[in-house]
$ cat protein-v8.txt   # compact mmCIF, C-alpha atoms
# COMPACT_ATOMS: atom_id res chain seq x y z
CA MET O 184 -7.69 2.05 -19.13
CA HIS O 185 -6.57 5.13 -21.07
CA GLU O 186 -6.93 3.37 -24.43
CA LEU O 187 -10.69 4.10 -24.44
CA SER O 188 -10.16 7.86 -24.16
CA ILE O 189 -7.50 7.63 -26.88
CA ALA O 190 -9.93 5.76 -29.15
CA GLU O 191 -12.63 8.36 -28.55
CA SER O 192 -10.19 11.18 -29.33
CA LEU O 193 -9.10 9.45 -32.53
CA ILE O 194 -12.71 9.14 -33.63
CA ASP O 195 -13.23 12.87 -33.02
CA VAL O 196 -10.18 13.77 -35.12
CA ALA O 197 -11.09 11.30 -37.87
CA ARG O 198 -14.63 12.71 -38.08
CA GLN O 199 -13.19 16.16 -38.74
CA HIS O 200 -11.36 14.81 -41.80
CA LEU O 201 -13.88 12.29 -43.08
CA PRO O 202 -15.25 13.36 -46.48
CA PRO O 203 -19.04 13.65 -46.65
CA ALA O 204 -20.77 10.32 -47.32
CA ALA O 205 -17.46 8.41 -47.22
CA GLN O 206 -17.12 5.12 -45.36
CA PRO O 207 -13.88 4.82 -43.36
CA ARG O 208 -12.06 1.49 -43.89
CA THR O 209 -8.71 1.81 -42.11
CA ILE O 210 -7.23 4.40 -39.79
CA THR O 211 -3.47 4.34 -39.27
CA VAL O 212 -2.12 5.77 -36.04
CA HIS O 213 1.48 6.18 -34.86
CA ALA O 214 2.04 6.05 -31.10
CA GLY O 215 5.25 6.77 -29.22
CA PRO O 216 6.39 4.51 -26.38
CA LEU O 217 5.57 7.09 -23.69
CA ARG O 218 1.89 6.66 -24.61
CA ALA O 219 2.11 3.15 -23.10
CA ILE O 220 -0.62 1.82 -25.36
CA GLU O 221 -1.28 -1.89 -24.96
CA PRO O 222 -2.26 -3.15 -28.45
CA ASP O 223 -4.88 -5.67 -27.26
CA ALA O 224 -6.47 -3.11 -24.95
CA MET O 225 -6.43 -0.56 -27.77
CA GLU O 226 -8.17 -2.99 -30.12
CA TRP O 227 -10.85 -3.64 -27.50
CA ALA O 228 -11.24 0.10 -26.83
CA TRP O 229 -11.49 0.85 -30.56
CA ARG O 230 -14.29 -1.71 -30.99
CA ALA O 231 -16.14 -0.40 -27.93
CA ALA O 232 -15.82 3.26 -28.98
CA THR O 233 -16.80 2.69 -32.61
CA GLU O 234 -19.79 0.42 -31.97
CA LYS O 235 -22.93 1.93 -33.52
CA THR O 236 -20.95 4.69 -35.27
CA GLU O 237 -19.85 5.22 -38.86
CA PHE O 238 -16.49 3.75 -37.76
CA ALA O 239 -17.94 0.40 -36.59
CA SER O 240 -16.33 -1.63 -39.38
CA THR O 241 -13.15 0.46 -39.54
CA LYS O 242 -9.85 -1.28 -38.87
CA LEU O 243 -7.40 0.49 -36.56
CA ASP O 244 -3.78 0.06 -37.68
CA LEU O 245 -1.69 0.95 -34.61
CA VAL O 246 2.02 1.47 -35.33
CA GLU O 247 4.07 1.46 -32.16
CA LEU O 248 7.10 3.68 -32.63
CA PRO O 249 10.48 2.71 -31.15
CA TRP O 250 12.33 4.74 -28.55
CA ARG O 251 14.41 7.50 -30.14
CA LEU O 252 17.50 8.13 -28.00
CA HIS O 253 20.27 10.73 -27.94
CA CYS O 254 23.69 9.83 -26.50
CA LEU O 255 25.00 12.57 -24.25
CA THR O 256 28.55 11.20 -24.65
CA CYS O 257 28.98 10.99 -28.45
CA ARG O 258 25.83 12.92 -29.49
CA ARG O 259 24.53 10.07 -31.69
CA ASP O 260 20.76 9.61 -32.18
CA TRP O 261 19.31 6.12 -32.70
CA ASP O 262 16.18 4.00 -32.39
CA ALA O 263 16.00 1.39 -29.64
CA ASP O 264 13.60 -1.22 -28.27
CA HIS O 265 13.83 0.20 -24.73
CA MET O 266 14.80 3.52 -23.19
CA ASN O 267 17.81 2.13 -21.28
CA ALA O 268 19.62 0.87 -24.39
CA ALA O 269 23.36 1.48 -24.62
CA CYS O 270 24.77 3.55 -27.46
CA ALA O 271 27.10 2.02 -30.05
CA CYS O 272 29.90 3.97 -28.32
CA GLY O 273 29.20 1.92 -25.17
CA SER O 274 27.72 4.76 -23.15
CA THR O 275 24.50 4.31 -21.23
CA ASN O 276 24.22 8.07 -20.77
CA ALA O 277 21.34 8.67 -23.16
CA ARG O 278 18.06 10.54 -23.03
CA PRO O 279 14.85 9.95 -24.96
CA ILE O 280 13.88 12.26 -27.79
CA GLY O 281 10.12 12.68 -28.03
CA GLY O 282 8.26 9.46 -27.44
CA ASP O 283 4.87 10.95 -26.63
CA GLU O 284 3.66 11.09 -30.25
CA LEU O 285 0.09 10.15 -31.05
CA GLN O 286 -0.69 10.94 -34.66
CA LEU O 287 -3.50 9.96 -36.96
CA MET O 288 -1.33 9.35 -40.03
CA SER O 289 -3.87 8.29 -42.64
CA MET O 290 -7.44 7.28 -43.23
CA ASP O 291 -8.46 4.94 -46.04
CA VAL O 292 -12.06 5.57 -47.09
CA ALA O 293 -14.56 4.24 -49.60
CA GLU O 294 -16.75 6.73 -51.38
CA ALA O 295 -20.44 6.21 -50.88
CA GLN O 296 -22.23 4.78 -53.91
CA THR O 297 -24.70 7.26 -55.32
CA THR O 298 -26.63 7.27 -58.56
CA GLU O 299 -24.16 9.89 -59.79
CA ASN O 300 -21.22 7.48 -59.15
CA LEU O 301 -22.93 4.81 -61.22
CA LYS O 302 -23.21 6.90 -64.40
$ encode --input "protein-v8.txt" --output "structure tokens"
Amino acid sequence: MHELSIAESLIDVARQHLPPAAQPRTITVHAGPLRAIEPDAMEWAWRAATEKTEFASTKLDLVELPWRLHCLTCRRDWDADHMNAACACGSTNARPIGGDELQLMSMDVAEAQTTENLK
């Protein structure tokens, strides 16, 4: 299951951007269809990887991106549910554009409560 290694990598990247003493709440990730991430497996992997870390209560918001295709007949680009979708021109001669994206898009955090914050 490659979702566990993806979850571990996301934690590493998020740690690099986590402000000191902040508590992460939600991490939003965009994943292209070539990543073949199974949402339920990713949720399980996220919980397993974050257990006993500062990310233990953090929600993972996984956004699965659609296929982006380019028609070799009419040169149109469009989004599709599957990579074998026909173009509006009727052609099935299309190729995928990208699709292997895996990007940590945002991280919602709560600042730690200190005596300075309470003043």
$ atom_distance --input "protein-v8.txt" --atom1 "atom CA of Ser289 of chain O" --atom2 "atom CA of Thr209 of chain O"
8.1 Å
$ atom_distance --input "protein-v8.txt" --atom1 "atom CA of Trp250 of chain O" --atom2 "atom CA of Asp291 of chain O"
27.2 Å
$ atom_distance --input "protein-v8.txt" --atom1 "atom CA of Thr236 of chain O" --atom2 "atom CA of Val212 of chain O"
18.9 Å
$ residues_around --input "protein-v8.txt" --residues "Leu245 of chain O" --least-positions-apart "4" --cutoff "8 Å" --atoms "all atoms listed in the file" --output "PDB file with C-alpha atoms, keeping the file's coordinate frame"
ATOM      1  CA  THR O 211      -3.470   4.340 -39.270  1.00  0.00           C
ATOM      2  CA  VAL O 212      -2.120   5.770 -36.040  1.00  0.00           C
ATOM      3  CA  HIS O 213       1.480   6.180 -34.860  1.00  0.00           C
ATOM      4  CA  ALA O 214       2.040   6.050 -31.100  1.00  0.00           C
ATOM      5  CA  PRO O 222      -2.260  -3.150 -28.450  1.00  0.00           C
TER       6      PRO O 222
END
$ closest_residue --input "protein-v8.txt" --among "O:Leu201, O:Trp229, O:Glu247, O:His185" --to "Leu285 of chain O" --atoms "all atoms listed in the file"
O:Glu247
$ residues_around --input "protein-v8.txt" --residues "Arg230 of chain O" --least-positions-apart "6" --cutoff "10 Å" --atoms "all atoms listed in the file" --output "list in words"
Leu187, Ala190, Ala224, Phe238, Ala239, Ser240, Thr241, Lys242 and Leu243 of chain O
$ write_last_selection --input "protein-v8.txt" --atoms "C-alpha atoms" --output "PDB file, keeping the file's coordinate frame"
ATOM      1  CA  LEU O 187     -10.690   4.100 -24.440  1.00  0.00           C
ATOM      2  CA  ALA O 190      -9.930   5.760 -29.150  1.00  0.00           C
ATOM      3  CA  ALA O 224      -6.470  -3.110 -24.950  1.00  0.00           C
ATOM      4  CA  PHE O 238     -16.490   3.750 -37.760  1.00  0.00           C
ATOM      5  CA  ALA O 239     -17.940   0.400 -36.590  1.00  0.00           C
ATOM      6  CA  SER O 240     -16.330  -1.630 -39.380  1.00  0.00           C
ATOM      7  CA  THR O 241     -13.150   0.460 -39.540  1.00  0.00           C
ATOM      8  CA  LYS O 242      -9.850  -1.280 -38.870  1.00  0.00           C
ATOM      9  CA  LEU O 243      -7.400   0.490 -36.560  1.00  0.00           C
TER      10      LEU O 243
END
$ build_atoms --input "protein-v8.txt" --residues "segment 252-276 of chain O" --atoms "N, CA and C atoms" --output "PDB file, in the frame of the given file"
ATOM      1  N   LEU O 252      16.579   7.731 -29.063  1.00  0.00           N
ATOM      2  CA  LEU O 252      17.500   8.130 -28.000  1.00  0.00           C
ATOM      3  C   LEU O 252      18.619   9.023 -28.518  1.00  0.00           C
ATOM      4  N   HIS O 253      19.143   9.846 -27.627  1.00  0.00           N
ATOM      5  CA  HIS O 253      20.270  10.730 -27.940  1.00  0.00           C
ATOM      6  C   HIS O 253      21.361  10.466 -26.901  1.00  0.00           C
ATOM      7  N   CYS O 254      22.547  10.103 -27.382  1.00  0.00           N
ATOM      8  CA  CYS O 254      23.690   9.830 -26.500  1.00  0.00           C
ATOM      9  C   CYS O 254      24.312  11.150 -26.065  1.00  0.00           C
ATOM     10  N   LEU O 255      24.408  11.345 -24.779  1.00  0.00           N
ATOM     11  CA  LEU O 255      25.000  12.570 -24.250  1.00  0.00           C
ATOM     12  C   LEU O 255      26.529  12.521 -24.293  1.00  0.00           C
ATOM     13  N   THR O 256      27.098  11.349 -24.563  1.00  0.00           N
ATOM     14  CA  THR O 256      28.550  11.200 -24.650  1.00  0.00           C
ATOM     15  C   THR O 256      29.042  11.510 -26.062  1.00  0.00           C
ATOM     16  N   CYS O 257      28.496  10.807 -27.067  1.00  0.00           N
ATOM     17  CA  CYS O 257      28.980  10.990 -28.450  1.00  0.00           C
ATOM     18  C   CYS O 257      28.009  11.772 -29.338  1.00  0.00           C
ATOM     19  N   ARG O 258      26.853  12.119 -28.804  1.00  0.00           N
ATOM     20  CA  ARG O 258      25.830  12.920 -29.490  1.00  0.00           C
ATOM     21  C   ARG O 258      25.114  12.188 -30.640  1.00  0.00           C
ATOM     22  N   ARG O 259      25.201  10.877 -30.660  1.00  0.00           N
ATOM     23  CA  ARG O 259      24.530  10.070 -31.690  1.00  0.00           C
ATOM     24  C   ARG O 259      23.057   9.908 -31.330  1.00  0.00           C
ATOM     25  N   ASP O 260      22.177   9.910 -32.343  1.00  0.00           N
ATOM     26  CA  ASP O 260      20.760   9.610 -32.180  1.00  0.00           C
ATOM     27  C   ASP O 260      20.499   8.235 -32.799  1.00  0.00           C
ATOM     28  N   TRP O 261      19.642   7.439 -32.149  1.00  0.00           N
ATOM     29  CA  TRP O 261      19.310   6.120 -32.700  1.00  0.00           C
ATOM     30  C   TRP O 261      17.969   5.642 -32.147  1.00  0.00           C
ATOM     31  N   ASP O 262      17.419   4.639 -32.825  1.00  0.00           N
ATOM     32  CA  ASP O 262      16.180   4.000 -32.390  1.00  0.00           C
ATOM     33  C   ASP O 262      16.543   2.772 -31.559  1.00  0.00           C
ATOM     34  N   ALA O 263      15.734   2.524 -30.520  1.00  0.00           N
ATOM     35  CA  ALA O 263      16.000   1.390 -29.640  1.00  0.00           C
ATOM     36  C   ALA O 263      14.681   0.760 -29.199  1.00  0.00           C
ATOM     37  N   ASP O 264      14.771  -0.495 -28.749  1.00  0.00           N
ATOM     38  CA  ASP O 264      13.600  -1.220 -28.270  1.00  0.00           C
ATOM     39  C   ASP O 264      13.186  -0.780 -26.857  1.00  0.00           C
ATOM     40  N   HIS O 265      14.129  -0.251 -26.088  1.00  0.00           N
ATOM     41  CA  HIS O 265      13.830   0.200 -24.730  1.00  0.00           C
ATOM     42  C   HIS O 265      14.636   1.457 -24.415  1.00  0.00           C
ATOM     43  N   MET O 266      14.182   2.220 -23.440  1.00  0.00           N
ATOM     44  CA  MET O 266      14.800   3.520 -23.190  1.00  0.00           C
ATOM     45  C   MET O 266      16.150   3.437 -22.453  1.00  0.00           C
ATOM     46  N   ASN O 267      16.531   2.275 -21.974  1.00  0.00           N
ATOM     47  CA  ASN O 267      17.810   2.130 -21.280  1.00  0.00           C
ATOM     48  C   ASN O 267      18.878   1.482 -22.155  1.00  0.00           C
ATOM     49  N   ALA O 268      18.674   1.502 -23.466  1.00  0.00           N
ATOM     50  CA  ALA O 268      19.620   0.870 -24.390  1.00  0.00           C
ATOM     51  C   ALA O 268      20.949   1.624 -24.388  1.00  0.00           C
ATOM     52  N   ALA O 269      22.022   0.878 -24.533  1.00  0.00           N
ATOM     53  CA  ALA O 269      23.360   1.480 -24.620  1.00  0.00           C
ATOM     54  C   ALA O 269      23.625   1.938 -26.045  1.00  0.00           C
ATOM     55  N   CYS O 270      24.360   3.004 -26.162  1.00  0.00           N
ATOM     56  CA  CYS O 270      24.770   3.550 -27.460  1.00  0.00           C
ATOM     57  C   CYS O 270      25.853   2.649 -28.071  1.00  0.00           C
ATOM     58  N   ALA O 271      26.046   2.777 -29.368  1.00  0.00           N
ATOM     59  CA  ALA O 271      27.100   2.020 -30.050  1.00  0.00           C
ATOM     60  C   ALA O 271      28.480   2.380 -29.486  1.00  0.00           C
ATOM     61  N   CYS O 272      28.622   3.567 -28.906  1.00  0.00           N
ATOM     62  CA  CYS O 272      29.900   3.970 -28.320  1.00  0.00           C
ATOM     63  C   CYS O 272      30.133   3.300 -26.959  1.00  0.00           C
ATOM     64  N   GLY O 273      29.101   2.615 -26.444  1.00  0.00           N
ATOM     65  CA  GLY O 273      29.200   1.920 -25.170  1.00  0.00           C
ATOM     66  C   GLY O 273      28.600   2.693 -24.009  1.00  0.00           C
ATOM     67  N   SER O 274      28.277   3.923 -24.220  1.00  0.00           N
ATOM     68  CA  SER O 274      27.720   4.760 -23.150  1.00  0.00           C
ATOM     69  C   SER O 274      26.265   4.390 -22.872  1.00  0.00           C
ATOM     70  N   THR O 275      25.895   4.469 -21.616  1.00  0.00           N
ATOM     71  CA  THR O 275      24.500   4.310 -21.230  1.00  0.00           C
ATOM     72  C   THR O 275      23.914   5.659 -20.801  1.00  0.00           C
ATOM     73  N   ASN O 276      24.639   6.710 -21.104  1.00  0.00           N
ATOM     74  CA  ASN O 276      24.220   8.070 -20.770  1.00  0.00           C
ATOM     75  C   ASN O 276      23.436   8.655 -21.940  1.00  0.00           C
TER      76      ASN O 276
END
